[in-house]
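Visitor: First the structure, then my questions, so here it is.
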Amino acid sequence: MKVLVTGTAGFIGFHLSKKLIARGDSVFGLDSINNYGRLLEKGLYRKSIFYNKKVRSKKYSNYQFIKLNLEDKENIYKLFREEKFDKVVNLAAQAGVRYSLENPHAYINSNIVGFTNILEACRHHKIQHLVYASSSSVYGLNENMPFSTKNNVDHPISLYAASKKSNELMAHTYSHLFNLSTTGLRFFTVYGEWGRPDMALFLFTKAILENKAIDIYNNGNMQRDFTYIADIVEGIIRVIDNIPKGNPNWSGLKPDPSSSKSPYKIYNIGNNNPVQLMDFVYAIEEALGKKADKNFMPIQKGDVPSTYADVSGLIKDLNYKPKTNIKKGIKNFINWYKKFY
């Protein structure tokens, strides 16, 4: 099958593209390679398949890289017109909750305008299935645990979260009006090899190795449903192959937010096992064989104290649930980190 993966040089896009290539799909990887907020280390991606043409031509003959912004409407439409994709996975987005406080326009341009261009291109070129990244951040002020896709998510606390909720609403509109099959994936604190260097796991590991203090927000009173990257990718693959047809039992009198009479679906992808932030730090210390100097701080704006994914939808529809525990996942990351750096 011919698949377009946007955000192919990003954390999840990198791993997903490699998995799709390995199973024999023809993959077109699109990315703008934007170095947002000067946070990303370009060297991390220069050593990946997306920069190394020799590696691409020898090992990944069924992969083609395209440098392009989602906001470039004319060239997005041209790409769809010429390549005639079967399915699209939209992972490209302006990421980061905290950066949305500094540069809100970047989120509107990429996550709203860019996503509109993807929707329009999919609509006009008869894409079989659009899978797109949402986020656990859409749950915002919701305190019902575990977070369920059947919960109301109308109280986001960052523009990033609001842009992801907007994507879900926009996708439903296109599913309803144009019969475009769409599936949104709410990712829960993804971690692992080739992640963004501004993520907590990178920052903590680097600081501990350099004998520097690490900042522990909300005085350590945080829980995250940490989900290992390999589990995330397996979930995405299963979703790509499972095109929603619409829920015949859906009712406007008791509307289920995660489905519709239209071909529209929302899933959580999380480990279904929230971990205390301090246990996360202890797992890093254990894998490194070294203790961290800890600097306890108040909670940051835009952060929520806890996340916990209800993945019953994944289990019911796809017979799948993420399974990698935090010790194993962090050990895998630390082994990679030491080799890479």
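Labels for the structure tokens follow display order: chains A, B, ..., residues from 1 in each chain, ligands from 1.
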Give me the residues near Leu130 of chain A as a list of chain:residue names, where near means some atom within 7 Å (using only C-alpha atoms) and where sequence neighbours in that chain fewer than 6 positions away do not count.

Guide: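 Result of the neighbour search: A:Lys87, A:Val88, A:Val89, A:Ser181, A:Thr182, A:Thr183.
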
Visitor: Produce a file of the selected residues containing all heavy atoms, as an mmCIF file, in the first residue's frame.

Guide:
```cif
data_model
loop_
_atom_site.group_PDB
_atom_site.id
_atom_site.type_symbol
_atom_site.label_atom_id
_atom_site.label_comp_id
_atom_site.auth_asym_id
_atom_site.auth_seq_id
_atom_site.Cartn_x
_atom_site.Cartn_y
_atom_site.Cartn_z
ATOM 1 N N LYS A 87 -3.426 5.634 1.912
ATOM 2 C CA LYS A 87 -3.721 6.045 3.282
ATOM 3 C C LYS A 87 -2.749 7.136 3.711
ATOM 4 O O LYS A 87 -1.649 7.244 3.163
ATOM 5 C CB LYS A 87 -3.655 4.849 4.236
ATOM 6 C CG LYS A 87 -4.692 3.772 3.905
ATOM 7 C CD LYS A 87 -4.615 2.580 4.825
ATOM 8 C CE LYS A 87 -5.655 1.531 4.408
ATOM 9 N NZ LYS A 87 -5.603 0.330 5.282
ATOM 10 N N VAL A 88 -3.175 7.915 4.695
ATOM 11 C CA VAL A 88 -2.362 9.028 5.197
ATOM 12 C C VAL A 88 -2.298 8.948 6.717
ATOM 13 O O VAL A 88 -3.315 8.732 7.388
ATOM 14 C CB VAL A 88 -2.957 10.389 4.771
ATOM 15 C CG1 VAL A 88 -2.182 11.545 5.425
ATOM 16 C CG2 VAL A 88 -2.959 10.530 3.253
ATOM 17 N N VAL A 89 -1.085 9.113 7.268
ATOM 18 C CA VAL A 89 -0.904 9.210 8.719
ATOM 19 C C VAL A 89 -0.319 10.590 9.006
ATOM 20 O O VAL A 89 0.827 10.868 8.654
ATOM 21 C CB VAL A 89 0.031 8.116 9.264
ATOM 22 C CG1 VAL A 89 0.108 8.207 10.791
ATOM 23 C CG2 VAL A 89 -0.437 6.731 8.838
ATOM 24 N N SER A 181 -13.016 8.459 5.965
ATOM 25 C CA SER A 181 -12.734 7.647 7.154
ATOM 26 C C SER A 181 -11.556 8.252 7.912
ATOM 27 O O SER A 181 -10.464 8.392 7.356
ATOM 28 C CB SER A 181 -12.411 6.209 6.754
ATOM 29 O OG SER A 181 -13.550 5.589 6.184
ATOM 30 N N THR A 182 -11.783 8.614 9.175
ATOM 31 C CA THR A 182 -10.730 9.239 9.990
ATOM 32 C C THR A 182 -10.640 8.567 11.353
ATOM 33 O O THR A 182 -11.651 8.177 11.932
ATOM 34 C CB THR A 182 -10.992 10.749 10.204
ATOM 35 O OG1 THR A 182 -12.168 10.927 11.012
ATOM 36 C CG2 THR A 182 -11.178 11.474 8.877
ATOM 37 N N THR A 183 -9.419 8.450 11.852
ATOM 38 C CA THR A 183 -9.194 7.942 13.202
ATOM 39 C C THR A 183 -8.178 8.831 13.909
ATOM 40 O O THR A 183 -7.075 9.054 13.401
ATOM 41 C CB THR A 183 -8.652 6.498 13.193
ATOM 42 O OG1 THR A 183 -9.564 5.647 12.485
ATOM 43 C CG2 THR A 183 -8.486 5.977 14.617
#
```

Visitor: Taking 5 positions as the minimum chain separation for residues in the same chain, which residues sit within 12 Å of Glu82 of chain A when counting only C-alpha atoms? Answer as a VMD selection string.

Guide: chain A and resid 75 to 77 121 125

Visitor: Have a look at A:Tyr99, A:Tyr217, A:Tyr264, A:Phe28 and name the one nearest to Thr6 of chain A; count only C-alpha atoms.

Guide: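 So, comparing all the options, the nearest one is A:Phe28.
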
Visitor: Would you mind listing what lies within 8 Å of Asp293 of chain A as a list in words, with only C-alpha atoms counted and same-chain residues fewer than 6 positions away left out?

Guide: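 Counting only C-alpha atoms, the residues come to Ile208, Asn211, Lys212, Ala213 and Ile214 of chain A.
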
Visitor: Just write the chosen residues, C-alpha atoms, as a compact mmCIF listing (two decimals), in the first residue's frame.

Guide:
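To be explicit, this is the file written out as again_28.txt:
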```txt
# COMPACT_ATOMS: atom_id res chain seq x y z
CA ILE A 208 22.52 12.93 35.67
CA ASN A 211 26.38 15.63 37.49
CA LYS A 212 23.81 18.41 37.12
CA ALA A 213 20.55 18.80 39.05
CA ILE A 214 17.26 17.79 37.45
```

Visitor: Which of these residues is nearest to Arg186 of chain A, using only C-alpha atoms: A:Pro244, A:Gly235, A:Gly220, A:Gly96?

Guide: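 Distance minimum relative to Arg186 of chain A lands on A:Gly235.
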
Visitor: If you count only C-alpha atoms, which residues fall within 12 Å of Ile21 of chain A, apart from same-chain ones fewer than 4 positions away, as an MDAnalysis selection string?

Guide: chainID A and resid 1:5 8 13:17 25:29 49 56 59:64 237

Visitor: Taking the backbone alone, and naming residues the way the document does, which bits of segment 92-269 of chain A are helix (DSSP H, G or I) by DSSP, as a PyMOL selection string?

Guide: chain A and resi 99-102+104-124+136-139+159-178+200-209+217-220+229-240

Visitor: Skipping near chain neighbours, those fewer than 6 positions away, what residues fall within 10 Å of Thr149 of chain A using only C-alpha atoms, listed as an MDAnalysis selection string?

Guide: chainID A and resid 136 139 186 256:259 265:268 309:313

Visitor: For the residues in the current selection, export N, CA, C and O atoms as a compact mmCIF listing (two decimals), in the first residue's frame.

Guide:
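This is the output file out-v5.txt:
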```
# COMPACT_ATOMS: atom_id res chain seq x y z
N SER A 136 -3.17 13.16 24.69
CA SER A 136 -3.81 13.04 26.00
C SER A 136 -4.05 14.40 26.64
O SER A 136 -4.87 14.54 27.55
N TYR A 139 -7.57 16.15 27.51
CA TYR A 139 -8.39 15.91 28.69
C TYR A 139 -8.36 17.09 29.67
O TYR A 139 -9.27 17.24 30.48
N ARG A 186 -5.09 9.54 20.62
CA ARG A 186 -4.64 10.34 21.75
C ARG A 186 -3.46 9.62 22.41
O ARG A 186 -3.63 8.65 23.14
N ASP A 256 -21.87 9.39 21.88
CA ASP A 256 -20.57 8.86 22.27
C ASP A 256 -19.50 9.69 21.56
O ASP A 256 -19.42 9.66 20.34
N PRO A 257 -18.66 10.45 22.33
CA PRO A 257 -17.67 11.32 21.67
C PRO A 257 -16.61 10.56 20.86
O PRO A 257 -15.95 11.15 20.00
N SER A 258 -16.44 9.25 21.11
CA SER A 258 -15.36 8.51 20.46
C SER A 258 -15.76 7.87 19.14
O SER A 258 -14.93 7.29 18.45
N SER A 259 -17.06 7.97 18.77
CA SER A 259 -17.51 7.38 17.52
C SER A 259 -18.63 8.22 16.93
O SER A 259 -18.95 9.29 17.44
N LYS A 265 -13.49 7.69 14.33
CA LYS A 265 -13.16 6.99 15.57
C LYS A 265 -12.04 7.70 16.30
O LYS A 265 -11.15 8.30 15.68
N ILE A 266 -12.09 7.64 17.64
CA ILE A 266 -11.03 8.17 18.51
C ILE A 266 -10.57 7.06 19.44
O ILE A 266 -11.39 6.35 20.04
N TYR A 267 -9.24 6.90 19.58
CA TYR A 267 -8.68 5.92 20.52
C TYR A 267 -7.66 6.60 21.43
O TYR A 267 -6.94 7.50 21.00
N ASN A 268 -7.58 6.13 22.68
CA ASN A 268 -6.43 6.39 23.52
C ASN A 268 -5.36 5.34 23.21
O ASN A 268 -5.69 4.16 23.03
N ALA A 309 -4.64 6.34 30.88
CA ALA A 309 -5.42 6.01 29.69
C ALA A 309 -6.33 4.81 29.89
O ALA A 309 -5.88 3.74 30.30
N ASP A 310 -7.60 4.97 29.58
CA ASP A 310 -8.51 3.85 29.41
C ASP A 310 -8.35 3.38 27.95
O ASP A 310 -8.64 4.13 27.03
N VAL A 311 -7.86 2.17 27.76
CA VAL A 311 -7.61 1.67 26.39
C VAL A 311 -8.58 0.55 26.02
O VAL A 311 -8.30 -0.29 25.17
N SER A 312 -9.75 0.57 26.62
CA SER A 312 -10.75 -0.47 26.35
C SER A 312 -11.17 -0.48 24.89
O SER A 312 -11.49 -1.54 24.33
N GLY A 313 -11.16 0.68 24.24
CA GLY A 313 -11.51 0.75 22.82
C GLY A 313 -10.51 0.01 21.96
O GLY A 313 -10.88 -0.73 21.03
```

Visitor: By how many Å are atom CA of Ile33 of chain A and atom CA of Val233 of chain A apart?

Guide: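 A separation of 20.7 Å between them.
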
Visitor: Segment 154-168 of chain A: which residues within 6 Å, counting only C-alpha atoms, same-chain residues fewer than 6 positions away excluded, as a PyMOL selection string?

Guide: chain A and resi 97+100+134+137-138+140-141+302

Visitor: Just the selected residues (N, CA and C atoms), exported as a JSON list (two decimals), in the first residue's frame, please.

Guide:
```json
[["chain", "number", "residue", "atom", "x", "y", "z"],
["A", 97, "VAL", "N", 3.66, 21.38, 24.91],
["A", 97, "VAL", "CA", 2.68, 22.17, 25.66],
["A", 97, "VAL", "C", 3.27, 23.52, 26.06],
["A", 100, "SER", "N", 3.81, 26.34, 23.49],
["A", 100, "SER", "CA", 2.59, 27.01, 23.01],
["A", 100, "SER", "C", 2.31, 28.29, 23.79],
["A", 134, "SER", "N", -3.68, 12.93, 17.85],
["A", 134, "SER", "CA", -4.25, 13.83, 18.83],
["A", 134, "SER", "C", -3.33, 13.75, 20.05],
["A", 137, "SER", "N", -3.37, 15.43, 26.13],
["A", 137, "SER", "CA", -3.53, 16.78, 26.71],
["A", 137, "SER", "C", -4.93, 17.32, 26.49],
["A", 138, "VAL", "N", -5.71, 16.74, 25.58],
["A", 138, "VAL", "CA", -7.08, 17.24, 25.34],
["A", 138, "VAL", "C", -7.95, 17.06, 26.59],
["A", 140, "GLY", "N", -7.32, 17.92, 29.59],
["A", 140, "GLY", "CA", -7.29, 19.18, 30.33],
["A", 140, "GLY", "C", -7.67, 19.07, 31.79],
["A", 141, "LEU", "N", -8.72, 19.78, 32.19],
["A", 141, "LEU", "CA", -9.13, 19.83, 33.58],
["A", 141, "LEU", "C", -9.97, 18.63, 34.03],
["A", 302, "GLY", "N", 0.10, 24.92, 32.10],
["A", 302, "GLY", "CA", -0.24, 24.02, 31.00],
["A", 302, "GLY", "C", -0.10, 22.56, 31.34]]
```

Visitor: One number please: atom CA of Ser135 of chain A to atom CA of Asn325 of chain A, in Å, one decimal.

Guide: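 Atom CA of Asn325 of chain A lies at a distance of 20.6 Å from atom CA of Ser135 of chain A.
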